[in-house]
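Structure data (mmCIF, C-alpha atoms) from work.cif:
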```
data_target
#
loop_
_atom_site.label_atom_id
_atom_site.label_comp_id
_atom_site.auth_asym_id
_atom_site.auth_seq_id
_atom_site.Cartn_x
_atom_site.Cartn_y
_atom_site.Cartn_z
CA MET A 1 0.00 0.00 0.00
CA ALA A 2 1.12 3.55 -0.73
CA ALA A 3 0.44 6.36 1.73
CA LEU A 4 -0.79 9.70 0.35
CA ALA A 5 0.16 12.79 2.34
CA PRO A 6 -1.00 16.31 1.32
CA PHE A 7 0.96 19.35 2.49
CA GLN A 8 2.09 22.81 1.40
CA PHE A 9 5.40 24.54 0.90
CA GLY A 10 6.50 28.09 0.18
CA VAL A 11 7.91 29.40 -3.09
CA GLU A 12 10.07 32.51 -3.32
CA GLY A 13 7.96 35.06 -5.15
CA GLY A 14 5.04 32.66 -5.46
CA GLY A 15 3.49 32.17 -2.03
CA GLU A 16 2.28 28.79 -0.77
CA VAL A 17 1.53 25.89 -3.09
CA SER A 18 0.01 22.46 -2.51
CA ALA A 19 1.77 19.12 -2.87
CA LEU A 20 0.98 15.41 -2.61
CA LEU A 21 3.50 12.83 -1.43
CA LEU A 22 2.65 9.28 -2.52
CA ARG A 23 5.05 6.87 -0.84
CA PRO A 24 4.82 3.10 -1.24
CA ALA A 25 5.87 0.97 1.72
CA LYS A 26 9.02 -0.22 -0.08
CA ALA A 27 9.98 3.00 -1.87
CA ARG A 28 13.49 2.97 -3.32
CA ARG A 29 13.59 6.56 -4.56
CA LEU A 30 11.45 9.69 -4.84
CA LEU A 31 10.52 11.51 -8.06
CA VAL A 32 9.67 15.21 -7.70
CA LEU A 33 6.99 15.39 -10.40
CA ALA A 34 5.80 18.66 -11.98
CA HIS A 35 2.58 19.03 -13.96
CA GLY A 36 2.14 20.32 -17.51
CA ALA A 37 1.01 23.79 -18.54
CA GLY A 38 -2.72 23.16 -18.81
CA ALA A 39 -3.50 20.77 -15.97
CA GLY A 40 -2.46 20.52 -12.32
CA MET A 41 -1.09 17.80 -10.09
CA CYS A 42 -4.50 16.10 -9.75
CA HIS A 43 -5.03 15.58 -13.48
CA PRO A 44 -5.90 11.91 -14.17
CA PHE A 45 -2.62 11.39 -16.06
CA MET A 46 -0.61 12.63 -13.08
CA GLU A 47 -2.62 10.56 -10.60
CA LYS A 48 -2.42 7.36 -12.63
CA LEU A 49 1.27 7.84 -13.40
CA ALA A 50 2.00 8.35 -9.70
CA GLY A 51 0.11 5.15 -8.95
CA GLU A 52 2.07 3.17 -11.53
CA LEU A 53 5.35 4.59 -10.22
CA ALA A 54 4.40 3.58 -6.69
CA GLY A 55 3.88 0.06 -8.00
CA VAL A 56 7.54 -0.11 -9.08
CA GLY A 57 8.95 1.36 -5.89
CA VAL A 58 9.12 5.02 -6.91
CA ALA A 59 7.53 7.50 -4.52
CA THR A 60 6.33 10.77 -6.03
CA LEU A 61 5.92 14.31 -4.82
CA ARG A 62 3.44 16.05 -7.09
CA TYR A 63 3.06 19.80 -6.66
CA GLN A 64 1.32 22.86 -8.06
CA PHE A 65 2.95 25.81 -9.74
CA PRO A 66 1.68 29.09 -8.23
CA TYR A 67 -0.52 30.00 -11.21
CA MET A 68 -2.27 26.65 -11.01
CA GLU A 69 -2.66 26.97 -7.25
CA ALA A 70 -4.37 30.34 -7.82
CA ARG A 71 -6.47 28.86 -10.65
CA ARG A 72 -5.02 31.20 -13.24
CA ARG A 73 -4.76 30.02 -16.84
CA VAL A 74 -1.49 31.73 -17.79
CA PRO A 75 1.71 30.15 -16.43
CA ASP A 76 3.97 32.11 -14.13
CA ALA A 77 7.14 33.83 -15.32
CA PRO A 78 10.02 31.36 -15.88
CA ALA A 79 11.84 32.65 -12.78
CA VAL A 80 8.84 31.76 -10.59
CA LEU A 81 8.43 28.37 -12.27
CA THR A 82 12.07 27.41 -11.72
CA ALA A 83 11.94 28.74 -8.15
CA THR A 84 8.99 26.41 -7.58
CA VAL A 85 11.02 23.46 -8.85
CA VAL A 86 13.86 24.30 -6.45
CA ALA A 87 11.43 24.67 -3.54
CA ALA A 88 9.71 21.38 -4.42
CA VAL A 89 13.01 19.50 -4.42
CA ARG A 90 13.80 20.98 -1.01
CA ALA A 91 10.35 20.02 0.28
CA ALA A 92 10.76 16.49 -1.04
CA ALA A 93 14.08 16.03 0.74
CA GLU A 94 12.50 17.21 3.99
CA ALA A 95 9.37 15.08 3.56
CA ALA A 96 11.24 11.85 2.76
CA PRO A 97 14.77 12.07 4.12
CA GLY A 98 16.97 9.21 3.05
CA LEU A 99 15.27 8.50 -0.29
CA PRO A 100 17.42 9.22 -3.38
CA LEU A 101 15.83 11.99 -5.44
CA LEU A 102 14.88 12.26 -9.08
CA ALA A 103 13.09 15.26 -10.59
CA GLY A 104 11.15 15.96 -13.75
CA GLY A 105 7.62 16.24 -15.00
CA LYS A 106 5.06 16.25 -17.74
CA SER A 107 5.71 18.58 -20.68
CA MET A 108 6.26 22.12 -19.35
CA GLY A 109 6.89 20.80 -15.85
CA GLY A 110 9.79 18.75 -17.13
CA ARG A 111 11.17 21.60 -19.16
CA MET A 112 11.09 23.95 -16.15
CA THR A 113 12.83 21.28 -14.08
CA SER A 114 15.66 21.05 -16.62
CA GLN A 115 15.94 24.83 -16.78
CA ALA A 116 16.23 24.95 -13.00
CA ALA A 117 18.92 22.25 -13.12
CA ALA A 118 20.78 24.14 -15.85
CA GLN A 119 20.88 27.28 -13.70
CA ARG A 120 22.24 25.58 -10.59
CA PRO A 121 22.49 22.04 -9.18
CA LEU A 122 19.30 20.71 -7.63
CA ASP A 123 20.39 19.54 -4.18
CA GLY A 124 20.28 15.78 -3.86
CA VAL A 125 18.80 15.12 -7.32
CA ARG A 126 20.52 12.29 -9.18
CA GLY A 127 18.71 12.40 -12.51
CA LEU A 128 15.90 14.02 -14.49
CA VAL A 129 12.89 12.27 -16.03
CA PHE A 130 10.82 13.91 -18.77
CA PHE A 131 7.36 12.67 -19.75
CA GLY A 132 6.93 14.31 -23.15
CA PHE A 133 9.55 17.08 -23.22
CA PRO A 134 8.08 19.96 -25.31
CA LEU A 135 10.94 20.48 -27.74
CA HIS A 136 8.94 22.98 -29.79
CA PRO A 137 5.36 24.28 -30.21
CA PRO A 138 3.11 22.20 -32.50
CA ASN A 139 3.84 22.78 -36.19
CA GLN A 140 6.84 24.97 -35.31
CA PRO A 141 9.77 22.53 -35.41
CA GLY A 142 12.99 23.69 -33.80
CA THR A 143 15.48 22.78 -31.08
CA LYS A 144 16.07 26.09 -29.28
CA ARG A 145 14.20 24.84 -26.21
CA ALA A 146 16.86 22.15 -25.81
CA ASP A 147 19.85 24.51 -25.79
CA HIS A 148 19.99 24.70 -21.99
CA LEU A 149 20.22 20.91 -21.65
CA ALA A 150 23.95 21.14 -22.41
CA LYS A 151 24.31 22.78 -18.99
CA VAL A 152 22.55 19.96 -17.11
CA ALA A 153 25.28 17.88 -15.51
CA MET A 154 23.29 14.75 -14.62
CA PRO A 155 21.62 11.81 -16.38
CA MET A 156 18.38 12.56 -18.22
CA LEU A 157 15.62 10.24 -19.43
CA PHE A 158 13.34 11.43 -22.23
CA LEU A 159 10.11 9.47 -22.70
CA GLN A 160 8.60 10.53 -26.02
CA GLY A 161 5.79 9.37 -28.31
CA THR A 162 6.14 8.97 -32.06
CA ARG A 163 3.02 11.12 -32.64
CA ASP A 164 4.00 13.90 -30.22
CA THR A 165 3.44 17.17 -32.10
CA PHE A 166 5.57 18.97 -29.50
CA ALA A 167 8.66 16.92 -30.30
CA ASP A 168 9.71 15.84 -33.78
CA LEU A 169 11.82 12.74 -33.19
CA GLU A 170 13.93 13.53 -36.24
CA LEU A 171 15.03 16.62 -34.32
CA TRP A 172 15.16 14.93 -30.92
CA ARG A 173 17.54 12.13 -31.82
CA PRO A 174 20.43 14.43 -32.84
CA VAL A 175 19.88 16.50 -29.68
CA CYS A 176 20.20 13.39 -27.52
CA THR A 177 23.23 12.21 -29.47
CA LYS A 178 24.91 15.55 -28.83
CA LEU A 179 24.19 15.25 -25.10
CA GLY A 180 26.06 11.96 -25.09
CA SER A 181 25.85 9.44 -22.28
CA ARG A 182 23.83 11.84 -20.11
CA ALA A 183 20.75 11.40 -22.33
CA THR A 184 18.55 8.34 -22.77
CA LEU A 185 15.66 8.48 -25.24
CA HIS A 186 12.84 5.95 -24.87
CA VAL A 187 10.25 6.03 -27.65
CA ILE A 188 6.61 4.97 -27.22
CA GLU A 189 5.21 3.84 -30.57
CA THR A 190 2.06 5.68 -31.77
CA ALA A 191 1.84 7.74 -28.54
CA ASP A 192 0.89 11.41 -28.74
CA HIS A 193 1.86 14.21 -26.34
CA SER A 194 -0.63 12.88 -23.76
CA PHE A 195 0.67 9.33 -24.29
CA HIS A 196 -2.55 8.13 -25.89
CA VAL A 197 -1.78 5.41 -28.44
CA LEU A 198 -3.59 4.32 -31.58
CA LYS A 199 -5.96 1.35 -31.38
CA LYS A 200 -3.86 -0.49 -33.94
CA SER A 201 -1.07 -0.64 -31.37
CA GLY A 202 -3.11 -3.20 -29.46
CA ARG A 203 -2.55 -1.32 -26.23
CA GLY A 204 -4.43 1.20 -24.09
CA ASP A 205 -3.55 3.96 -21.65
CA PRO A 206 -3.00 1.60 -18.67
CA GLU A 207 -0.34 -0.37 -20.53
CA VAL A 208 1.43 2.77 -21.69
CA LEU A 209 1.43 4.29 -18.20
CA ARG A 210 2.88 1.05 -16.87
CA GLU A 211 5.62 1.18 -19.51
CA LEU A 212 6.46 4.77 -18.57
CA ALA A 213 6.75 3.84 -14.90
CA GLU A 214 8.73 0.68 -15.50
CA GLU A 215 11.13 2.41 -17.86
CA ALA A 216 11.71 5.24 -15.38
CA ALA A 217 12.37 2.78 -12.56
CA SER A 218 14.68 0.64 -14.68
CA TRP A 219 16.63 3.68 -15.88
CA ALA A 220 16.97 4.93 -12.30
CA GLU A 221 18.40 1.57 -11.27
CA GLY A 222 20.86 1.77 -14.15
CA ILE A 223 22.27 5.17 -13.22
CA GLU A 224 22.99 4.16 -9.64
CA GLY A 225 26.41 2.96 -10.67
CA THR A 226 27.30 6.30 -12.24
CA THR A 227 25.95 8.58 -9.49
CA SER A 228 26.05 8.69 -5.73
CA MET A 229 22.49 7.35 -5.33
#
```
What does this structure look like when you write it as structure tokens?
Amino acid sequence: MAALAPFQFGVEGGGEVSALLLRPAKARRLLVLAHGAGAGMCHPFMEKLAGELAGVGVATLRYQFPYMEARRRVPDAPAVLTATVVAAVRAAAEAAPGLPLLAGGKSMGGRMTSQAAAQRPLDGVRGLVFFGFPLHPPNQPGTKRADHLAKVAMPMLFLQGTRDTFADLELWRPVCTKLGSRATLHVIETADHSFHVLKKSGRGDPEVLRELAEEAASWAEGIEGTTSM
């Protein structure tokens, strides 16, 4: 069984935000998990992903960005978003001392996590996990959003769908190659930005969410030998 604990933490320039710690009895590590631009930490994708992660021994700390906490539609300024990531990592370390930390998120949440990590080390974080990194806006292919990843000095896992309109894989693969051994790209066939797959794949959302969780857990196990986890 996994225990769910709600709490709040403060963000510099952003006030108090809500968080949810889901910790399975035999947790091996904790993923600080940020939501995407249009939906908060209680979105069904976030809840189901957290449940699947708990099933493979990964605790999660989901949290709100200040604009979502205040029920505003427009995301906060980047400085506030990255400050929230830093505060969430600190809150996670305090809430579950002793658990190795990972950080990342869905779409924008993942991107803000990497930007925070590019600006300064995230205390205690051993690797970053991205569920649909938004490499570019739909129908506007480019790689500028990935430029800061060169400054991230830790392992990174990119989980991307072949139908993701926010990330052309023909652009993604060279980016990951340039990042070298720090980057791992795992592709989900026929998945879109929300990780919905086509019926012809023979799979549904539950199977895809399980694959995301299992891949993240397996990758985390694999980087233990290269970090101080």
Given the file shown, enumerate the residues that the PyMOL selection byres ((chain A and resi 197) around 12) captures and present them as a ChimeraX atom specification.
-> /A:160-164,188-196,198-209
Please evaluate the PyMOL selection byres ((chain A and resi 102-115) around 8) against the displayed coordinates and give the resulting residues as a compact mmCIF listing (two decimals) with C-alpha atoms, in the frame of the given file.
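Result written to part_6.txt:
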```txt
# COMPACT_ATOMS: atom_id res chain seq x y z
CA ARG A 29 13.59 6.56 -4.56
CA LEU A 30 11.45 9.69 -4.84
CA LEU A 31 10.52 11.51 -8.06
CA VAL A 32 9.67 15.21 -7.70
CA LEU A 33 6.99 15.39 -10.40
CA ALA A 34 5.80 18.66 -11.98
CA HIS A 35 2.58 19.03 -13.96
CA GLY A 36 2.14 20.32 -17.51
CA ALA A 37 1.01 23.79 -18.54
CA PRO A 78 10.02 31.36 -15.88
CA LEU A 81 8.43 28.37 -12.27
CA THR A 82 12.07 27.41 -11.72
CA VAL A 85 11.02 23.46 -8.85
CA VAL A 89 13.01 19.50 -4.42
CA PRO A 100 17.42 9.22 -3.38
CA LEU A 101 15.83 11.99 -5.44
CA ALA A 116 16.23 24.95 -13.00
CA ALA A 117 18.92 22.25 -13.12
CA ALA A 118 20.78 24.14 -15.85
CA GLN A 119 20.88 27.28 -13.70
CA VAL A 125 18.80 15.12 -7.32
CA ARG A 126 20.52 12.29 -9.18
CA GLY A 127 18.71 12.40 -12.51
CA LEU A 128 15.90 14.02 -14.49
CA VAL A 129 12.89 12.27 -16.03
CA PHE A 130 10.82 13.91 -18.77
CA PHE A 131 7.36 12.67 -19.75
CA GLY A 132 6.93 14.31 -23.15
CA PHE A 133 9.55 17.08 -23.22
CA PRO A 134 8.08 19.96 -25.31
CA HIS A 148 19.99 24.70 -21.99
CA LEU A 149 20.22 20.91 -21.65
CA VAL A 152 22.55 19.96 -17.11
```
Expected answer as a list of chain:residue names: all residues with atoms within 12 Å of (26.5, 15.8, -13.7), only C-alpha atoms |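 Protein, DNA and RNA residues close to (26.5, 15.8, -13.7): A:Ala117, A:Ala118, A:Arg120, A:Pro121, A:Leu122, A:Asp123, A:Gly124, A:Val125, A:Arg126, A:Gly127, A:Leu128, A:Leu149, A:Ala150, A:Lys151, A:Val152, A:Ala153, A:Met154, A:Pro155, A:Met156, A:Leu179, A:Ser181, A:Arg182, A:Ala183, A:Ile223, A:Thr226, A:Thr227, A:Ser228.
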Write out the residues from the selection above, keeping C-alpha atoms, as a short mmCIF file (atom, residue, chain, number, x, y, z; two decimals), in the frame of the given file.
```cif
data_model
loop_
_atom_site.label_atom_id
_atom_site.label_comp_id
_atom_site.auth_asym_id
_atom_site.auth_seq_id
_atom_site.Cartn_x
_atom_site.Cartn_y
_atom_site.Cartn_z
CA ALA A 117 18.92 22.25 -13.12
CA ALA A 118 20.78 24.14 -15.85
CA ARG A 120 22.24 25.58 -10.59
CA PRO A 121 22.49 22.04 -9.18
CA LEU A 122 19.30 20.71 -7.63
CA ASP A 123 20.39 19.54 -4.18
CA GLY A 124 20.28 15.78 -3.86
CA VAL A 125 18.80 15.12 -7.32
CA ARG A 126 20.52 12.29 -9.18
CA GLY A 127 18.71 12.40 -12.51
CA LEU A 128 15.90 14.02 -14.49
CA LEU A 149 20.22 20.91 -21.65
CA ALA A 150 23.95 21.14 -22.41
CA LYS A 151 24.31 22.78 -18.99
CA VAL A 152 22.55 19.96 -17.11
CA ALA A 153 25.28 17.88 -15.51
CA MET A 154 23.29 14.75 -14.62
CA PRO A 155 21.62 11.81 -16.38
CA MET A 156 18.38 12.56 -18.22
CA LEU A 179 24.19 15.25 -25.10
CA SER A 181 25.85 9.44 -22.28
CA ARG A 182 23.83 11.84 -20.11
CA ALA A 183 20.75 11.40 -22.33
CA ILE A 223 22.27 5.17 -13.22
CA THR A 226 27.30 6.30 -12.24
CA THR A 227 25.95 8.58 -9.49
CA SER A 228 26.05 8.69 -5.73
#
```
What is the atom CA of A:Gly15 to atom CA of A:Gly51 distance in Å?
->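 Rounded to one decimal, the two atoms are 28.1 Å apart.
Minimum atom-to-atom distances from A:Met46, A:Leu135, A:Leu169, A:Ala95 to A:Arg23 were compared using all atoms listed in the file, and the lowest value belongs to A:Ala95.
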Nearest residue to A:His136 from the set A:Val56, A:Ala167, A:Cys176, A:Met41 (distances using all atoms listed in the file) =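 Closest residue, counting all atoms listed in the file: A:Ala167.
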Report as a ChimeraX atom specification the full result of the PyMOL selection byres ((chain A and resi 158) around 6) when it is applied to this structure.
-> /A:130,157,159,185
Atom pair atom CA of A:Thr60 / atom CA of A:Leu212: separation (Å) |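 Going from atom CA of A:Thr60 over to atom CA of A:Leu212, I get 13.9 Å.
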Write out as a PyMOL selection string the residues lying within 9 Å of A:Val80, counting all atoms listed in the file and excluding same-chain residues fewer than 6 positions away.
-> chain A and resi 11-14+65-66
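When only C-alpha atoms are used to measure the gap to A:Gly40, the shortest distance among A:Pro24, A:Pro6, A:Gly55, A:Pro75 belongs to A:Pro75.
Distances to A:Ala87 were evaluated for A:Thr165, A:Thr143, A:Gln8, A:Thr184 using all atoms listed in the file, and the minimum falls at A:Gln8.
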How far is it from atom CA of A:Ala213 to atom CA of A:Leu53, in Å with one decimal?
->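 Atom-to-atom, atom CA of A:Ala213 and atom CA of A:Leu53 are spaced 4.9 Å apart.
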